[in-house]
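Below is the file target_28.cif, which contains mmCIF, C-alpha atoms.
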```cif
data_entry
loop_
_atom_site.label_atom_id
_atom_site.label_comp_id
_atom_site.auth_asym_id
_atom_site.auth_seq_id
_atom_site.Cartn_x
_atom_site.Cartn_y
_atom_site.Cartn_z
CA MET A 105 -28.07 65.95 34.70
CA GLU A 106 -25.81 66.62 31.77
CA ASN A 107 -22.84 65.07 33.63
CA THR A 108 -24.91 61.97 34.39
CA SER A 109 -25.80 61.56 30.71
CA LYS A 110 -22.15 61.88 29.72
CA ALA A 111 -21.20 59.32 32.36
CA LEU A 112 -23.82 56.89 31.06
CA ILE A 113 -22.62 57.40 27.49
CA MET A 114 -19.02 56.79 28.53
CA ALA A 115 -20.01 53.70 30.52
CA GLY A 116 -22.02 52.43 27.57
CA GLY A 117 -19.07 53.03 25.28
CA MET A 118 -16.77 51.11 27.62
CA LEU A 119 -19.24 48.24 27.86
CA LEU A 120 -19.50 48.18 24.08
CA ALA A 121 -15.72 48.17 23.75
CA ILE A 122 -15.45 45.35 26.30
CA LEU A 123 -18.13 43.44 24.44
CA ILE A 124 -16.33 43.90 21.12
CA ILE A 125 -13.00 42.83 22.64
CA SER A 126 -14.68 39.81 24.23
CA LEU A 127 -16.20 38.87 20.90
CA LEU A 128 -12.82 39.24 19.18
CA VAL A 129 -11.10 37.09 21.83
CA TYR A 130 -13.83 34.47 21.50
CA ALA A 131 -13.63 34.54 17.71
CA TRP A 132 -9.84 34.21 17.88
CA SER A 133 -10.21 31.30 20.30
CA LEU A 134 -12.60 29.56 17.90
CA PHE A 135 -10.26 30.20 14.97
CA SER A 136 -7.26 28.88 16.92
CA LYS A 137 -9.16 25.74 17.86
CA TYR A 138 -10.26 25.30 14.25
CA GLN A 139 -6.72 25.79 13.00
CA ALA A 140 -5.35 23.37 15.59
CA SER A 141 -8.01 20.85 14.63
CA LYS A 142 -7.21 21.37 10.96
CA ASP A 143 -3.47 20.92 11.60
CA SER A 144 -4.16 17.83 13.71
CA LEU A 145 -6.31 16.34 10.95
CA ALA A 146 -3.60 17.09 8.41
CA ASP A 147 -1.02 15.34 10.63
CA ILE A 148 -3.27 12.31 10.98
CA GLU A 149 -3.82 12.14 7.22
CA ASP A 150 -0.09 12.56 6.60
CA THR A 151 0.74 9.76 9.06
CA ALA A 152 -1.89 7.47 7.55
CA LYS A 153 -0.57 8.14 4.05
CA PHE A 154 3.01 7.51 5.20
CA ASN A 155 2.15 4.25 6.97
CA GLU A 156 0.08 2.99 4.06
CA GLN A 157 3.05 2.81 1.71
CA PHE A 158 4.89 0.57 4.19
CA ALA A 159 1.86 -1.39 5.42
CA ASN A 160 1.56 -2.72 1.87
CA TYR A 161 4.58 -4.89 2.71
CA ASP A 162 2.88 -6.39 5.78
CA ARG A 163 2.15 -9.71 4.05
CA ASP A 164 3.11 -13.38 4.18
CA ASP A 165 4.35 -13.47 0.58
CA VAL A 166 6.66 -10.49 0.14
CA GLN A 167 9.23 -11.34 -2.52
CA GLY A 168 12.89 -10.47 -2.36
CA TYR A 169 12.73 -7.96 -5.20
CA GLU A 170 10.04 -6.11 -3.22
CA LEU A 171 12.31 -6.05 -0.16
CA LEU A 172 15.06 -4.53 -2.28
CA SER A 173 12.66 -1.74 -3.24
CA LEU A 174 11.67 -1.29 0.40
CA VAL A 175 15.31 -1.15 1.52
CA ASN A 176 16.06 1.60 -1.02
CA LYS A 177 12.94 3.50 0.06
CA VAL A 178 13.96 3.36 3.74
CA ILE A 179 17.54 4.42 3.03
CA ASP A 180 16.26 7.38 1.01
CA TYR A 181 13.77 8.29 3.75
CA ASN A 182 16.43 8.16 6.47
CA ASN A 183 18.69 10.40 4.39
CA ARG A 184 16.08 13.01 3.50
CA LYS A 185 13.38 13.10 6.17
CA THR A 186 14.78 12.06 9.54
CA ASN A 187 16.93 13.28 12.39
CA ALA A 188 19.61 10.72 11.57
CA GLU A 189 23.14 12.05 11.83
CA GLY A 190 24.15 13.57 8.51
CA ALA A 191 20.62 13.48 7.10
CA LYS A 192 19.88 16.24 4.60
CA SER A 193 16.50 17.20 5.98
CA THR A 194 14.40 20.03 7.31
CA GLU A 195 12.01 17.42 8.70
CA LYS A 196 13.19 15.50 11.74
CA TYR A 197 11.25 12.27 11.97
CA THR A 198 12.57 9.16 13.70
CA PRO A 199 14.67 7.02 11.31
CA MET A 200 13.24 3.73 10.05
CA ALA A 201 14.74 0.25 10.27
CA ILE A 202 14.14 -2.89 8.23
CA VAL A 203 15.22 -6.29 9.58
CA ILE A 204 15.68 -9.19 7.14
CA ASN A 205 16.00 -12.55 8.87
CA MET A 206 17.65 -15.14 6.66
CA VAL A 207 16.92 -17.50 9.61
CA ASN A 208 19.91 -19.88 9.46
CA LYS A 209 22.42 -21.54 7.16
CA ASP A 210 20.15 -24.49 6.38
CA GLN A 211 17.43 -22.09 5.30
CA ARG A 212 19.83 -20.05 3.19
CA LYS A 213 20.90 -23.18 1.31
CA GLU A 214 17.68 -22.83 -0.67
CA LEU A 215 19.30 -19.90 -2.47
CA VAL A 216 22.57 -21.66 -3.25
CA GLN A 217 23.70 -23.40 -6.41
CA GLY A 218 26.14 -26.18 -5.60
CA ALA A 219 27.70 -26.93 -2.22
CA TYR A 220 27.32 -24.38 0.56
CA ASP A 221 30.63 -22.91 1.74
CA GLU A 222 32.03 -19.81 3.43
CA ASN A 223 32.08 -17.89 0.17
CA GLN A 224 28.34 -17.48 -0.20
CA LEU A 225 26.79 -14.06 -0.81
CA PHE A 226 24.51 -14.22 2.24
CA THR A 227 26.71 -15.12 5.20
CA ASP A 228 24.68 -13.67 8.08
CA ASP A 229 21.48 -14.90 9.70
CA LYS A 230 20.12 -11.38 10.00
CA TYR A 231 20.56 -8.05 8.22
CA THR A 232 19.41 -4.76 9.75
CA ILE A 233 19.01 -1.75 7.48
CA SER A 234 18.91 1.45 9.53
CA ASN A 235 20.66 4.79 9.92
CA THR A 236 23.29 3.17 12.17
CA SER A 237 23.74 -0.29 10.61
CA ASN A 238 23.53 -1.48 7.02
CA LEU A 239 25.64 -4.55 6.32
CA PHE A 240 23.10 -5.53 3.68
CA THR A 241 24.25 -2.65 1.50
CA THR A 242 27.93 -2.61 2.43
CA THR A 243 28.42 -6.37 2.00
CA VAL A 244 25.67 -7.93 -0.09
CA MET A 245 24.71 -5.14 -2.50
CA GLU A 246 28.23 -3.81 -2.99
CA ARG A 247 29.32 -7.33 -3.98
CA VAL A 248 26.32 -7.64 -6.30
CA ASN A 249 27.19 -4.34 -7.98
CA GLU A 250 30.81 -5.42 -8.32
CA ILE A 251 29.82 -8.68 -10.04
CA GLU A 252 27.40 -6.90 -12.37
CA LYS A 253 30.06 -4.40 -13.35
CA GLY A 254 32.54 -7.20 -13.96
CA PHE A 255 30.30 -9.09 -16.37
CA GLY A 256 28.88 -6.03 -18.11
CA GLY A 257 25.67 -5.27 -16.24
CA ALA A 258 22.77 -6.87 -14.40
CA ASP A 259 21.35 -8.49 -17.53
CA CYS A 260 24.66 -10.16 -18.38
CA ALA A 261 25.24 -11.38 -14.82
CA THR A 262 21.68 -12.73 -14.63
CA LYS A 263 21.97 -14.69 -17.87
CA ILE A 264 25.22 -16.29 -16.73
CA ALA A 265 23.78 -17.13 -13.31
CA LYS A 266 20.66 -18.71 -14.82
CA SER A 267 22.90 -20.82 -17.07
CA TYR A 268 25.09 -21.92 -14.17
CA ASP A 269 24.54 -25.66 -14.68
CA SER A 270 25.19 -25.72 -18.41
CA ILE A 271 28.30 -23.53 -18.10
CA PHE A 272 30.05 -24.68 -14.92
CA SER A 273 29.00 -28.31 -14.50
CA VAL A 274 31.49 -29.35 -17.20
CA ILE A 275 34.60 -27.95 -15.47
CA ASN A 276 35.88 -31.35 -14.35
CA SER A 277 34.48 -33.32 -17.29
CA GLY A 278 37.65 -33.30 -19.37
CA ASP A 279 35.39 -33.09 -22.41
CA SER A 280 36.93 -30.47 -24.70
CA VAL A 281 33.77 -30.18 -26.79
CA LYS A 282 31.53 -29.46 -23.78
CA LEU A 283 34.13 -27.12 -22.31
CA ASN A 284 34.30 -25.18 -25.55
CA GLU A 285 30.49 -24.94 -25.64
CA ALA A 286 30.51 -23.65 -22.07
CA LYS A 287 33.15 -21.05 -22.99
CA ASN A 288 31.10 -19.86 -25.95
CA LYS A 289 27.97 -19.50 -23.86
CA PHE A 290 29.87 -17.62 -21.16
CA ASN A 291 31.41 -15.27 -23.73
CA LEU A 292 28.02 -14.74 -25.36
CA TYR A 293 26.48 -13.50 -22.12
CA SER A 294 29.45 -11.62 -20.65
CA THR A 295 30.35 -8.39 -22.40
CA ASN A 296 33.33 -7.53 -20.17
CA LYS A 297 34.99 -10.76 -19.06
CA LYS A 298 35.96 -13.16 -21.82
CA ILE A 299 37.47 -16.65 -21.76
CA THR A 300 40.21 -16.81 -24.39
CA GLY A 301 41.66 -20.26 -23.69
CA ILE A 302 41.80 -22.75 -26.55
CA GLY A 303 42.62 -26.02 -24.82
CA GLY A 304 40.20 -27.79 -22.51
CA ALA A 305 42.44 -27.34 -19.46
CA ASP A 306 42.76 -23.59 -20.04
CA ILE A 307 38.99 -23.23 -20.40
CA ALA A 308 38.38 -25.28 -17.26
CA ARG A 309 40.75 -23.09 -15.24
CA ALA A 310 39.09 -19.91 -16.53
CA LEU A 311 35.60 -21.24 -15.75
CA ASP A 312 36.71 -22.26 -12.28
CA PHE A 313 38.01 -18.71 -11.71
CA TYR A 314 34.61 -17.21 -12.51
CA LYS A 315 32.61 -19.88 -10.69
CA GLN A 316 32.49 -18.18 -7.27
CA PRO A 317 31.16 -14.75 -8.37
CA VAL A 318 28.55 -16.49 -10.54
CA GLN A 319 27.50 -18.65 -7.58
CA GLN A 320 27.15 -15.52 -5.47
CA TYR A 321 25.12 -13.76 -8.12
CA TYR A 322 22.94 -16.85 -8.47
CA GLU A 323 22.08 -16.40 -4.78
CA TYR A 324 21.05 -12.83 -5.51
CA VAL A 325 18.84 -13.95 -8.40
CA GLN A 326 17.22 -16.53 -6.09
CA PHE A 327 16.86 -13.97 -3.30
CA LYS A 328 14.78 -11.76 -5.57
CA LYS A 329 12.38 -14.69 -6.12
CA ALA A 330 12.37 -15.78 -2.47
CA LYS A 331 9.32 -15.28 -0.27
CA PHE A 332 9.45 -13.44 3.04
CA GLN A 333 6.87 -13.20 5.80
CA SER A 334 6.26 -9.88 7.50
CA GLN A 335 6.25 -10.18 11.30
CA SER A 336 3.17 -8.06 12.01
CA ASN A 337 3.62 -8.30 15.77
CA MET A 338 7.08 -6.75 15.45
CA ILE A 339 6.06 -3.60 13.56
CA LYS A 340 7.03 -0.61 15.70
CA TYR A 341 5.52 2.88 15.66
CA ASP A 342 6.88 6.22 16.79
CA GLU A 343 5.22 7.15 20.09
CA VAL A 344 4.89 10.81 19.10
CA THR A 345 4.06 10.80 15.38
CA GLY A 346 2.53 7.34 15.02
CA ARG A 347 4.72 6.63 11.99
CA ILE A 348 6.08 3.14 11.33
CA ILE A 349 9.73 3.03 12.39
CA SER A 350 10.58 -0.68 12.17
CA MET A 351 9.51 -3.77 10.19
CA THR A 352 10.84 -7.33 10.29
CA PHE A 353 10.74 -9.99 7.56
CA ASN A 354 11.58 -13.70 7.83
CA PHE A 355 12.74 -15.80 4.89
CA THR A 356 10.22 -18.62 4.49
CA GLY A 357 12.58 -20.94 2.67
CA LYS A 358 10.28 -20.83 -0.35
CA LEU A 359 10.95 -19.54 -3.84
CA ASN A 360 8.38 -18.31 -6.31
#
```

Kindly transcribe the structure held in the file into structure tokens.
Amino acid sequence: MENTSKALIMAGGMLLAILIISLLVYAWSLFSKYQASKDSLADIEDTAKFNEQFANYDRDDVQGYELLSLVNKVIDYNNRKTNAEGAKSTEKYTPMAIVINMVNKDQRKELVQGAYDENQLFTDDKYTISNTSNLFTTTVMERVNEIEKGFGGADCATKIAKSYDSIFSVINSGDSVKLNEAKNKFNLYSTNKKITGIGGADIARALDFYKQPVQQYYEYVQFKKAKFQSQSNMIKYDEVTGRIISMTFNFTGKLN
């Protein structure tokens, strides 16, 4: 009888232990599901927050200066957050790409001051900014930075570009008074490059020398005012994370 009681106690103890273990396993399962759900919700919120900052550009009236900001944002993201080669990142998201369609030469003429030629700033119909291709930076923006540095900064270059007509339209006039006025205006706005010629012919030659970079910078000034249309049907998303990985913008031919 005593042995039977001990056996029942032992069996009861084992059942209790099994019950406790089962409860622990079940509780752990619930916790794991909760944690997974919590992590999944956090990922969804993170993706939504990420996409929101780029979805703000999905409009019909994005201006060029906004695209410049977007380009810089994408370049920074590709360098810091993606699996792009050489990226300084502990996070390995898919790199982003921005496509800027300048459409064609006739469309680009809207940005040009004077006759269109092969020396314009924007020479391509399309620019793709990604981790593997970025002619927009290596051709357009490097030239812009070079011009700004030459004239003494963005403010100086902008003032000269906005005064293009009054400064450069007199080159072939032969009017020494107008040429001298153009020289003075140029020298007023440019802190680095100065025209030192005294005679009308010397001033005309100097102005002609600076004409091309000013024309190119004028294009840049116009580009910042230009309107671009986001191609909503061409926005691409990462199949795994749901993050935006590509956006395309078309130049509308309109300026603000």

Requested in this report: Fewer than 6 positions away in the same chain doesn't count, so skip those; otherwise give me all residues within 8 Å of segment 326-334 of chain A, counting only C-alpha atoms, as a ChimeraX atom specification.
Outcome: /A:161-170,172,215-216,351-360

Query raised in the report: Which one of A:Pro317, A:Gly256, A:Gly304, A:Gly218 sits closest to Leu292 of chain A if you count all atoms listed in the file?
Result: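 Result for the nearest residue to Leu292 of chain A: A:Gly256.
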
Applying the PyMOL selection byres ((chain A and resi 348) around 9) to the file I just gave you, which residues come out? Please list them as a PDB file with C-alpha atoms, in the coordinates of the input.
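Once written, out33.pdb looks like this:
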```pdb
ATOM      1  CA  THR A 151       0.740   9.760   9.060  1.00  0.00           C
ATOM      2  CA  PHE A 154       3.010   7.510   5.200  1.00  0.00           C
ATOM      3  CA  ASN A 155       2.150   4.250   6.970  1.00  0.00           C
ATOM      4  CA  PHE A 158       4.890   0.570   4.190  1.00  0.00           C
ATOM      5  CA  ALA A 159       1.860  -1.390   5.420  1.00  0.00           C
ATOM      6  CA  MET A 200      13.240   3.730  10.050  1.00  0.00           C
ATOM      7  CA  ILE A 339       6.060  -3.600  13.560  1.00  0.00           C
ATOM      8  CA  LYS A 340       7.030  -0.610  15.700  1.00  0.00           C
ATOM      9  CA  TYR A 341       5.520   2.880  15.660  1.00  0.00           C
ATOM     10  CA  ASP A 342       6.880   6.220  16.790  1.00  0.00           C
ATOM     11  CA  THR A 345       4.060  10.800  15.380  1.00  0.00           C
ATOM     12  CA  GLY A 346       2.530   7.340  15.020  1.00  0.00           C
ATOM     13  CA  ARG A 347       4.720   6.630  11.990  1.00  0.00           C
ATOM     14  CA  ILE A 349       9.730   3.030  12.390  1.00  0.00           C
ATOM     15  CA  SER A 350      10.580  -0.680  12.170  1.00  0.00           C
ATOM     16  CA  MET A 351       9.510  -3.770  10.190  1.00  0.00           C
TER      17      MET A 351
END
```

Requested in this report: List the neighbours of segment 247-253 of chain A out to 8 Å using all atoms listed in the file; skip same-chain residues closer than 2 positions along the sequence, and give me the result as a ChimeraX atom specification.
Outcome: /A:225,243-245,255-258,260-261,317-318,320-321,324

Query raised in the report: In Å, how far is it from atom CA of Phe290 of chain A to atom CA of Ile271 of chain A?
Result: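 Those two atoms sit 6.8 Å apart.
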
Query raised in the report: Quick one: distance from atom CA of Ile179 of chain A to atom CA of Ser234 of chain A in Å, one decimal?
Result: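 Result for atom CA of Ile179 of chain A versus atom CA of Ser234 of chain A: 7.3 Å, one decimal.
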
Requested in this report: Considering all atoms listed in the file, state which residue in the set A:Leu239, A:Leu283, A:Val207, A:Leu171 is at the smallest distance from Gly303 of chain A.
Outcome: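 Counting all atoms listed in the file, the residue closest to Gly303 of chain A is A:Leu283.
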
Report task. Choose the residue, out of A:Ser270, A:Asn160, A:Asn337, A:Asn182, that has the smallest atom-to-atom separation from Asn238 of chain A; count all atoms listed in the file. Result ->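 Checking each candidate against Asn238 of chain A, we get A:Asn182 as the closest.
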
Requested in this report: Pull out every residue that the PyMOL selection byres ((chain A and resi 285) around 12) matches in the shown coordinates and put them as a list in words.
Outcome: Ser270, Ile271, Phe272, Ser273, Val274, Ile275, Asp279, Ser280, Val281, Lys282, Leu283, Asn284, Ala286, Lys287, Asn288, Lys289, Phe290, Asn291, Leu292, Ile299, Ile302, Gly304, Ile307, Ala308 and Leu311 of chain A

Query raised in the report: Which value, in Å to one decimal, gives the distance between atom CA of Asn205 of chain A and atom CA of Met338 of chain A?
Result: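 Going from atom CA of Asn205 of chain A over to atom CA of Met338 of chain A covers 12.5 Å.
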
Report summary line: Among A:Ser277, A:Gln319, A:Thr300, A:Thr236, Ala188 of chain A is approached most closely, using only C-alpha atoms, by A:Thr236

Query raised in the report: Taking all atoms listed in the file into account, which of A:Asp229, A:Thr262, A:Lys177, A:Glu156 comes nearest Ile202 of chain A?
Result: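 Among the listed residues, A:Lys177 lies closest to Ile202 of chain A.
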
Query raised in the report: Which one is closest to Asn223 of chain A: A:Gln316, A:Asp150, A:Val344, A:Ile264? Count only C-alpha atoms.
Result: A:Gln316

Just want the 10 Å neighbourhood of Tyr181 of chain A, counted on all atoms listed in the file, with same-chain residues fewer than 4 positions away dropped. Output as a compact mmCIF listing (two decimals) with C-alpha atoms, in the frame of the given file.
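Result file follows (part.txt):
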```txt
# COMPACT_ATOMS: atom_id res chain seq x y z
CA VAL A 175 15.31 -1.15 1.52
CA ASN A 176 16.06 1.60 -1.02
CA LYS A 177 12.94 3.50 0.06
CA LYS A 185 13.38 13.10 6.17
CA THR A 186 14.78 12.06 9.54
CA ALA A 191 20.62 13.48 7.10
CA SER A 193 16.50 17.20 5.98
CA TYR A 197 11.25 12.27 11.97
CA PRO A 199 14.67 7.02 11.31
CA MET A 200 13.24 3.73 10.05
CA ASN A 235 20.66 4.79 9.92
```
